[in-house]
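Engineer: Enclosed is the structure file data06.txt (compact mmCIF, C-alpha atoms and all ligand atoms).
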# COMPACT_ATOMS: atom_id res chain seq x y z
CA MET J 8 23.10 -23.23 29.64
CA LYS J 9 19.38 -23.66 29.06
CA ILE J 10 17.60 -20.39 28.27
CA MET J 11 13.82 -20.24 28.35
CA ALA J 12 11.80 -17.86 26.18
CA ASN J 13 10.28 -16.52 29.36
CA ASN J 14 11.24 -17.04 32.97
CA LEU J 15 8.57 -16.08 35.48
CA LYS J 16 10.49 -17.46 38.43
CA ARG J 17 13.33 -15.05 37.73
CA GLN J 18 10.88 -12.15 37.75
CA TYR J 19 9.50 -13.29 41.11
CA GLU J 20 12.99 -13.65 42.58
CA LEU J 21 13.80 -9.99 41.86
CA TYR J 22 11.45 -8.94 44.69
CA ALA J 23 10.87 -12.28 46.43
CA ALA J 24 10.87 -10.96 50.00
CA GLU J 25 8.28 -8.27 49.20
CA PHE J 26 6.00 -10.71 47.37
CA ASP J 27 6.27 -13.29 50.16
CA GLN J 28 5.42 -10.76 52.83
CA LYS J 29 2.44 -9.39 50.90
CA ALA J 30 1.05 -12.86 50.25
CA LEU J 31 1.23 -13.70 53.95
CA ASP J 32 -0.33 -10.38 54.95
CA VAL J 33 -3.32 -11.01 52.68
CA ILE J 34 -3.75 -14.62 53.78
CA HIS J 35 -3.63 -13.53 57.42
CA SER J 36 -6.08 -10.66 56.85
CA GLY J 37 -9.21 -12.83 56.55
CA TRP J 38 -10.54 -10.74 53.59
CA TYR J 39 -10.00 -12.17 50.12
CA VAL J 40 -12.10 -10.62 47.36
CA LEU J 41 -12.69 -6.90 46.59
CA GLY J 42 -11.14 -5.31 49.65
CA GLU J 43 -8.56 -2.74 50.60
CA GLU J 44 -5.77 -4.22 48.49
CA VAL J 45 -8.03 -3.98 45.45
CA SER J 46 -9.08 -0.38 46.08
CA SER J 47 -5.48 0.65 46.83
CA PHE J 48 -4.27 -1.07 43.68
CA GLU J 49 -7.01 0.61 41.63
CA ARG J 50 -6.00 4.05 42.94
CA GLU J 51 -2.26 3.43 42.43
CA PHE J 52 -2.69 1.94 38.97
CA ALA J 53 -4.93 4.81 37.81
CA ASP J 54 -2.32 7.29 39.11
CA TRP J 55 0.52 5.49 37.35
CA ILE J 56 -1.34 5.40 34.03
CA GLY J 57 -2.63 8.94 34.44
CA SER J 58 -6.33 8.07 34.34
CA ARG J 59 -8.98 9.15 36.83
CA TYR J 60 -10.41 5.68 37.53
CA CYS J 61 -9.29 2.07 37.46
CA VAL J 62 -11.61 -0.89 38.06
CA GLY J 63 -10.04 -4.27 38.78
CA LEU J 64 -11.49 -7.27 36.93
CA GLY J 65 -10.92 -10.99 36.57
CA SER J 66 -8.91 -10.96 33.32
CA GLY J 67 -7.90 -9.00 30.25
CA LEU J 68 -10.58 -10.71 28.18
CA ASP J 69 -13.19 -9.61 30.72
CA ALA J 70 -11.88 -6.04 30.43
CA LEU J 71 -12.45 -6.19 26.67
CA TRP J 72 -15.87 -7.82 26.46
CA ILE J 73 -17.33 -5.89 29.38
CA SER J 74 -16.06 -2.66 27.79
CA PHE J 75 -17.95 -3.28 24.57
CA ARG J 76 -20.98 -4.47 26.54
CA LEU J 77 -21.11 -1.30 28.64
CA LEU J 78 -20.56 0.89 25.58
CA GLY J 79 -23.72 -0.70 24.19
CA ILE J 80 -21.95 -2.35 21.26
CA GLY J 81 -23.62 -5.58 20.16
CA PRO J 82 -25.48 -7.30 17.32
CA GLY J 83 -25.49 -5.27 14.12
CA ASP J 84 -22.49 -3.21 15.18
CA GLU J 85 -18.95 -3.35 13.83
CA VAL J 86 -15.64 -2.84 15.59
CA ILE J 87 -12.43 -2.21 13.65
CA VAL J 88 -9.44 -4.23 14.86
CA SER J 89 -6.03 -5.27 13.56
CA SER J 90 -5.93 -8.60 11.72
CA ASN J 91 -2.56 -9.12 13.45
CA ALA J 92 -3.68 -9.43 17.05
CA TYR J 93 -4.27 -11.91 19.84
CA ILE J 94 -7.45 -13.99 19.71
CA ALA J 95 -8.80 -12.37 22.90
CA CYS J 96 -9.04 -9.02 21.07
CA VAL J 97 -11.50 -10.57 18.65
CA MET J 98 -13.40 -12.57 21.27
CA GLY J 99 -13.95 -9.38 23.28
CA ILE J 100 -15.92 -8.11 20.28
CA THR J 101 -17.72 -11.27 19.16
CA MET J 102 -18.80 -12.29 22.69
CA ASN J 103 -21.19 -9.33 22.48
CA GLY J 104 -22.55 -10.35 19.10
CA ALA J 105 -20.75 -7.47 17.35
CA ALA J 106 -18.73 -8.07 14.17
CA PRO J 107 -14.97 -7.59 13.97
CA VAL J 108 -13.84 -5.70 10.87
CA PHE J 109 -10.20 -6.47 10.28
CA VAL J 110 -7.55 -4.07 9.01
CA ASP J 111 -4.07 -5.29 8.08
CA SER J 112 -1.05 -4.30 10.15
CA ASP J 113 2.05 -2.45 9.06
CA ARG J 114 5.70 -3.28 9.64
CA TYR J 115 5.44 -2.23 13.28
CA ASN J 116 3.00 -5.12 13.80
CA ASN J 117 0.16 -2.77 14.74
CA ILE J 118 -2.92 -1.74 12.79
CA ASP J 119 -2.04 0.14 9.58
CA ALA J 120 -3.81 3.40 10.40
CA SER J 121 -3.75 4.50 6.75
CA LEU J 122 -6.17 1.63 5.96
CA ILE J 123 -8.68 2.29 8.75
CA GLU J 124 -10.81 4.94 7.08
CA ALA J 125 -11.64 2.65 4.16
CA ALA J 126 -12.98 0.09 6.66
CA VAL J 127 -15.47 2.48 8.30
CA THR J 128 -19.14 1.77 7.47
CA PRO J 129 -22.42 3.16 8.83
CA ARG J 130 -22.37 0.23 11.31
CA THR J 131 -18.92 1.00 12.72
CA LYS J 132 -19.16 1.86 16.41
CA ALA J 133 -15.59 1.61 17.67
CA ILE J 134 -11.91 1.07 16.95
CA LEU J 135 -10.05 -1.38 19.17
CA ALA J 136 -6.43 -0.16 19.26
CA VAL J 137 -4.26 -3.14 20.23
CA HIS J 138 -0.77 -2.05 21.30
CA LEU J 139 0.92 -5.28 20.26
CA PHE J 140 4.25 -6.52 21.64
CA GLY J 141 4.56 -3.42 23.86
CA GLN J 142 4.49 -0.79 21.14
CA CYS J 143 1.82 1.88 20.70
CA CYS J 144 -0.38 2.17 17.63
CA ASP J 145 -0.40 5.43 15.65
CA MET J 146 -2.80 7.10 18.07
CA ASP J 147 -2.83 10.49 16.24
CA GLU J 148 -4.44 8.92 13.20
CA ILE J 149 -6.75 6.62 15.20
CA ILE J 150 -8.08 9.52 17.28
CA ARG J 151 -8.49 11.70 14.17
CA ILE J 152 -10.59 9.05 12.43
CA ALA J 153 -12.59 8.30 15.59
CA GLU J 154 -13.49 11.97 15.97
CA LYS J 155 -14.36 12.35 12.29
CA TYR J 156 -16.81 9.40 12.32
CA ASP J 157 -17.89 9.66 15.96
CA LEU J 158 -16.45 6.28 16.98
CA LYS J 159 -15.44 5.06 20.41
CA VAL J 160 -11.80 4.13 20.92
CA VAL J 161 -11.01 1.22 23.23
CA GLU J 162 -7.33 0.45 23.81
CA ASP J 163 -6.04 -3.04 24.45
CA CYS J 164 -3.01 -2.36 26.64
CA ALA J 165 -2.54 -5.99 27.74
CA GLN J 166 1.00 -5.90 26.32
CA ALA J 167 1.77 -2.24 26.92
CA HIS J 168 1.70 -1.36 30.64
CA GLY J 169 3.23 2.08 31.06
CA ASN J 170 3.98 2.56 27.39
CA HIS J 171 3.69 5.93 25.62
CA TRP J 172 2.74 7.49 22.32
CA LYS J 173 4.40 10.91 22.02
CA GLY J 174 4.73 11.12 25.81
CA LYS J 175 1.09 10.24 26.59
CA THR J 176 0.41 6.92 28.30
CA ALA J 177 -1.29 4.01 26.55
CA GLY J 178 -4.80 3.59 27.94
CA THR J 179 -5.51 7.33 28.19
CA PHE J 180 -6.31 8.03 24.53
CA GLY J 181 -9.66 6.32 24.19
CA THR J 182 -12.78 6.03 26.31
CA ILE J 183 -11.47 2.89 28.00
CA GLY J 184 -8.03 1.30 28.40
CA CYS J 185 -8.09 -2.47 28.95
CA PHE J 186 -5.33 -4.30 30.81
CA SER J 187 -4.44 -7.91 31.51
CA PHE J 188 -2.25 -8.88 34.43
CA TYR J 189 -1.78 -12.47 33.28
CA PRO J 190 1.55 -13.65 34.74
CA THR J 191 3.54 -13.21 31.50
CA LYS J 192 2.41 -9.61 30.99
CA GLY J 193 4.68 -6.66 31.81
CA CYS J 194 2.78 -6.02 35.02
CA GLY J 195 1.99 -9.63 35.80
CA ALA J 196 0.06 -11.11 38.71
CA PHE J 197 0.41 -14.64 40.10
CA GLY J 198 -2.77 -15.82 38.43
CA ASP J 199 -5.48 -14.29 36.27
CA ALA J 200 -6.33 -10.62 36.71
CA GLY J 201 -7.30 -7.60 34.63
CA ALA J 202 -8.55 -4.02 34.85
CA ILE J 203 -9.88 -1.08 32.91
CA VAL J 204 -8.96 2.58 33.20
CA THR J 205 -11.20 5.46 32.23
CA ASP J 206 -11.77 9.16 32.97
CA ASP J 207 -15.54 8.70 32.82
CA GLU J 208 -16.91 8.48 36.37
CA GLU J 209 -20.31 7.08 35.39
CA LEU J 210 -18.73 4.40 33.22
CA ALA J 211 -16.29 3.42 35.99
CA GLN J 212 -19.25 2.94 38.32
CA LYS J 213 -20.99 0.75 35.72
CA PHE J 214 -17.92 -1.51 35.64
CA ARG J 215 -17.91 -1.76 39.46
CA VAL J 216 -21.54 -2.84 39.44
CA PHE J 217 -21.25 -5.15 36.42
CA ARG J 218 -18.22 -7.07 37.72
CA ASN J 219 -20.10 -8.05 40.88
CA TYR J 220 -23.32 -9.62 39.53
CA GLY J 221 -24.76 -6.21 38.74
CA SER J 222 -25.09 -5.30 42.38
CA GLU J 223 -24.07 -2.09 44.05
CA LYS J 224 -25.52 -3.24 47.35
CA LYS J 225 -25.18 -6.91 48.24
CA TYR J 226 -28.19 -8.95 47.07
CA TYR J 227 -29.82 -5.95 45.31
CA ASN J 228 -29.15 -6.39 41.61
CA SER J 229 -29.78 -3.52 39.22
CA VAL J 230 -28.47 -5.13 36.00
CA VAL J 231 -27.54 -8.62 34.79
CA GLY J 232 -23.81 -8.56 35.35
CA THR J 233 -21.11 -11.14 35.73
CA ASN J 234 -18.53 -12.37 38.21
CA SER J 235 -15.28 -10.68 37.24
CA ARG J 236 -13.82 -9.60 40.55
CA LEU J 237 -10.19 -8.97 41.35
CA ASP J 238 -9.07 -10.82 44.45
CA GLU J 239 -7.04 -9.40 47.31
CA LEU J 240 -4.06 -11.69 46.82
CA GLN J 241 -3.58 -10.71 43.17
CA ALA J 242 -4.22 -7.04 43.92
CA GLY J 243 -1.70 -7.05 46.79
CA LEU J 244 0.96 -8.78 44.70
CA LEU J 245 0.22 -6.42 41.81
CA ARG J 246 0.83 -3.45 44.12
CA VAL J 247 4.32 -4.82 44.77
CA ARG J 248 4.93 -5.28 41.03
CA LEU J 249 3.51 -1.85 40.25
CA SER J 250 5.89 -0.15 42.68
CA HIS J 251 8.78 -1.46 40.54
CA MET J 252 7.30 -0.97 37.07
CA GLU J 253 9.55 1.92 36.08
CA GLU J 254 12.71 -0.11 36.72
CA LEU J 255 11.18 -3.24 35.17
CA ASN J 256 10.28 -1.37 31.97
CA ALA J 257 13.72 0.30 31.91
CA GLU J 258 15.37 -3.12 32.19
CA ARG J 259 13.34 -4.46 29.25
CA ASN J 260 14.36 -1.42 27.23
CA ARG J 261 18.02 -2.14 28.00
CA LEU J 262 17.61 -5.79 27.00
CA ALA J 263 15.90 -4.79 23.75
CA ALA J 264 18.53 -2.17 22.92
CA ARG J 265 21.24 -4.75 23.44
CA TYR J 266 19.57 -7.19 21.05
CA SER J 267 19.08 -4.45 18.48
CA ASP J 268 22.70 -3.29 18.75
CA SER J 269 24.22 -6.76 18.70
CA VAL J 270 22.18 -8.96 16.36
CA ASN J 271 23.69 -8.44 12.92
CA ASN J 272 22.81 -11.50 10.91
CA PRO J 273 21.39 -10.58 7.47
CA LEU J 274 19.00 -13.56 7.73
CA ILE J 275 17.32 -11.91 10.72
CA GLN J 276 15.33 -8.68 10.76
CA ILE J 277 15.24 -6.91 14.08
CA PRO J 278 12.04 -5.12 15.20
CA GLN J 279 11.45 -1.47 14.32
CA VAL J 280 9.76 1.14 16.49
CA ARG J 281 7.36 3.62 14.90
CA PRO J 282 8.52 7.25 15.18
CA GLY J 283 6.52 8.74 18.08
CA ALA J 284 5.97 5.37 19.76
CA ASP J 285 7.80 3.92 22.73
CA SER J 286 7.91 0.23 23.41
CA VAL J 287 7.92 -1.56 26.74
CA TRP J 288 9.09 -4.66 24.82
CA HIS J 289 6.48 -7.11 25.99
CA GLN J 290 8.08 -9.26 23.30
CA TYR J 291 11.21 -8.79 21.22
CA VAL J 292 9.94 -10.07 17.89
CA ILE J 293 12.35 -10.73 15.03
CA ARG J 294 11.52 -11.81 11.48
CA CYS J 295 13.24 -14.65 9.67
CA SER J 296 12.15 -16.21 6.39
CA GLN J 297 13.88 -19.44 7.50
CA ARG J 298 12.07 -19.49 10.82
CA GLU J 299 11.60 -23.23 11.18
CA ALA J 300 15.32 -23.82 10.62
CA LEU J 301 16.13 -21.07 13.10
CA ILE J 302 13.85 -22.57 15.79
CA ARG J 303 15.46 -26.01 15.34
CA TYR J 304 18.92 -24.48 15.50
CA LEU J 305 18.10 -22.52 18.67
CA ASN J 306 16.56 -25.63 20.23
CA GLN J 307 19.80 -27.52 19.62
CA ARG J 308 21.52 -24.85 21.69
CA GLU J 309 18.80 -25.11 24.37
CA ILE J 310 17.47 -21.64 23.58
CA GLY J 311 13.71 -21.25 23.74
CA SER J 312 11.62 -19.03 21.47
CA ILE J 313 7.90 -18.51 20.85
CA ILE J 314 5.80 -17.69 17.79
CA HIS J 315 3.40 -14.79 18.46
CA TYR J 316 1.18 -15.81 16.71
CA PRO J 317 1.26 -18.77 14.32
CA ILE J 318 -2.34 -18.30 13.09
CA PRO J 319 -4.07 -14.92 12.71
CA PRO J 320 -7.42 -14.95 14.57
CA TYR J 321 -9.50 -14.69 11.38
CA LEU J 322 -7.85 -17.88 10.03
CA SER J 323 -8.31 -19.83 13.26
CA GLU J 324 -10.83 -22.65 13.39
CA ALA J 325 -12.81 -20.67 15.96
CA TYR J 326 -13.51 -17.91 13.42
CA ALA J 327 -13.96 -20.06 10.32
CA TYR J 328 -17.63 -18.99 10.44
CA LEU J 329 -16.61 -15.44 9.53
CA GLY J 330 -15.66 -16.84 6.12
CA ILE J 331 -12.59 -14.65 5.66
CA PRO J 332 -10.32 -16.35 3.10
CA LYS J 333 -6.58 -16.86 3.34
CA GLY J 334 -4.77 -14.07 1.53
CA SER J 335 -7.08 -11.35 2.86
CA PHE J 336 -4.43 -9.60 4.96
CA PRO J 337 -1.02 -10.15 3.33
CA TYR J 338 1.17 -8.43 5.89
CA THR J 339 -0.44 -10.29 8.78
CA GLU J 340 -0.11 -13.66 7.06
CA LYS J 341 3.54 -13.06 6.19
CA ALA J 342 4.20 -12.07 9.81
CA ALA J 343 2.52 -15.28 11.01
CA ASP J 344 5.01 -17.23 8.86
CA GLU J 345 8.13 -15.29 9.88
CA VAL J 346 7.87 -13.82 13.40
CA LEU J 347 9.80 -15.24 16.34
CA SER J 348 9.95 -13.88 19.88
CA LEU J 349 13.40 -14.10 21.48
CA PRO J 350 14.02 -14.87 25.16
CA MET J 351 13.16 -11.70 27.06
CA TYR J 352 12.29 -11.41 30.73
CA ASN J 353 13.13 -9.29 33.73
CA GLY J 354 16.09 -10.77 35.51
CA MET J 355 17.72 -12.07 32.30
CA THR J 356 21.49 -12.12 32.83
CA GLU J 357 24.09 -10.67 30.48
CA GLU J 358 25.56 -14.14 30.08
CA GLU J 359 22.17 -15.53 28.99
CA GLN J 360 21.61 -12.72 26.52
CA ASN J 361 25.14 -13.09 25.12
CA ALA J 362 24.46 -16.76 24.45
CA VAL J 363 21.31 -15.87 22.50
CA ILE J 364 23.07 -13.12 20.54
CA SER J 365 26.03 -15.36 19.59
CA ALA J 366 23.70 -18.11 18.50
CA LEU J 367 21.69 -15.75 16.31
CA ASN J 368 24.78 -14.25 14.73
CA GLU J 369 26.21 -17.70 13.98
CA PHE J 370 23.00 -18.97 12.34
CA GLN J 371 23.71 -19.71 8.69
CA GLY J 372 20.31 -20.81 7.44
CA PHE J 373 19.44 -24.00 5.56
CA SER J 374 22.87 -24.50 4.10
CA GLY J 375 24.66 -23.97 7.44
C1 LIG U 401 -3.15 -11.36 27.16
C2 LIG U 401 -3.93 -10.54 26.22
C3 LIG U 401 -5.33 -10.41 26.34
C4 LIG U 401 -6.16 -11.24 27.27
O1 LIG U 401 -5.80 -11.15 28.59
P1 LIG U 401 -6.20 -12.35 29.61
O2 LIG U 401 -5.88 -11.77 30.94
O3 LIG U 401 -5.38 -13.53 29.23
O4 LIG U 401 -7.65 -12.61 29.43
C5 LIG U 401 -5.97 -9.54 25.49
N1 LIG U 401 -5.30 -8.84 24.57
C6 LIG U 401 -3.97 -8.96 24.40
C7 LIG U 401 -3.29 -8.14 23.36
C8 LIG U 401 -3.24 -9.83 25.21
O5 LIG U 401 -1.92 -9.95 25.04
With the file now loaded, output its structure as structure tokens.
Ligand SMILES: *Cc1c(COP(=O)(O)O)cnc(C)c1O
Structural biologist:
Amino acid sequence: MKIMANNLKRQYELYAAEFDQKALDVIHSGWYVLGEEVSSFEREFADWIGSRYCVGLGSGLDALWISFRLLGIGPGDEVIVSSNAYIACVMGITMNGAAPVFVDSDRYNNIDASLIEAAVTPRTKAILAVHLFGQCCDMDEIIRIAEKYDLKVVEDCAQAHGNHWKGKTAGTFGTIGCFSFYPTKGCGAFGDAGAIVTDDEELAQKFRVFRNYGSEKKYYNSVVGTNSRLDELQAGLLRVRLSHMEELNAERNRLAARYSDSVNNPLIQIPQVRPGADSVWHQYVIRCSQREALIRYLNQREIGSIIHYPIPPYLSEAYAYLGIPKGSFPYTEKAADEVLSLPMYNGMTEEEQNAVISALNEFQGFSG
């Protein structure tokens, strides 16, 4: 039995008839970009998150960079972000000419909030809270520091759709919550898509104008914007996905609980959840100091796995110009050497998960 790390087809098959019908409806409608599907999705997504406004965009990266742009954060400004994050988090900052200021992560793989205050300078304008792998950051501490130093908080919820910190939904803590609907994300589209949520009416309107070449009225352009529009097909298909998000997140929680209850190999550390945080288990990320041997062993059994992420953004070639040396963020670098994401997707069968669990429990390391 071949088990893939992720299986998007399985996720589609769960609601195939609904997706098929919606796709045909949109194709037959004759209206394809920024229409009724988009505005319905925006209203439904905002309601689900518990925000006043949602604005659909072209991708999660667009949500990030346009957020900083519209908050007026650019050259000379600094944004605090976890060193243990996805490259898009950093690009969203640097695309505006602002400087990322990295803070190491803790054992929950999110920013170590106890280290943030020491990273604040007179140039700090914002904290980007990245809820990595589906788990919320320590939002109490992040909001406390933001209020103390008058900083904006932007949340990267690309891996945390419908997740909570102490009962409050990710995306509602800061000024803006950024989402990606890339197909592998918890609320995935069938192509690229993204959105922001906010309670600020004026800001929401700025996003609507900016995403469409800076025009409120066709061919009358008030600012230099961009093309980051959500299309009707993605929005329609996202509405179908959104209507099932509670059961999809519950299923991922069941899959994660089963891994956590059943994997008992001392060579493997299972993921921990911070007290106060929920996880929607975008990834189930274990740690293993013999990771390369484990990957080879799993491959022999036709079990896929993925490393999220092998190189921290500040050590990537793209950011060599920042001049941040290896060794700067010890936890992040150790994670990069040891993390491994197990197969985890909606529609995963018990038989498939059993095969992964048995394999993990039978792994004996180098000598085995
Ligand atoms: C996927 C992702 C993004 C970028 O989203 P795209 O839609 O691929 O542009 C940003 N941040 C995080 C944490 C992500 O996982």
Engineer: Rounded to one decimal place, report the atom CA of Glu223 of chain J-atom CA of Leu41 of chain J distance in Å.
Structural biologist: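 Interatomic distance here is 12.6 Å.
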Engineer: As number ranges by chain, please: the residues near segment 256-258 of chain J (cut-off 9 Å, all atoms listed in the file, same-chain neighbours under 3 positions excluded).
Structural biologist: J: 168-170, 193, 251-253, 261-263, 287-288, 352-354
Engineer: What gap, in Å, lies between atom CA of Gly232 of chain J and atom CA of Gly201 of chain J?
Structural biologist: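 A separation of 16.6 Å between them.
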Engineer: So which residues touch Thr182 of chain J within 10 Å, counting all atoms listed in the file, skipping near sequence neighbours fewer than 6 positions away, as a PyMOL selection string?
Structural biologist: chain J and resi 74+78+159-162+204-207+210
Engineer: Please identify every polymer residue within 6 Å of ligand LIG 401 (chain U), using all atoms listed in the file, and present the set as a ChimeraX atom specification.
Structural biologist: /J:66-68,93,95-96,137,139,163,165-166,187-189,199-201
Engineer: With distances taken over all atoms listed in the file, which of J:Asn306, J:Thr339, J:Ser222, J:Asn368 is nearest to Met11 of chain J?
Structural biologist: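 Using all atoms listed in the file, Met11 of chain J sits closest to J:Asn306.
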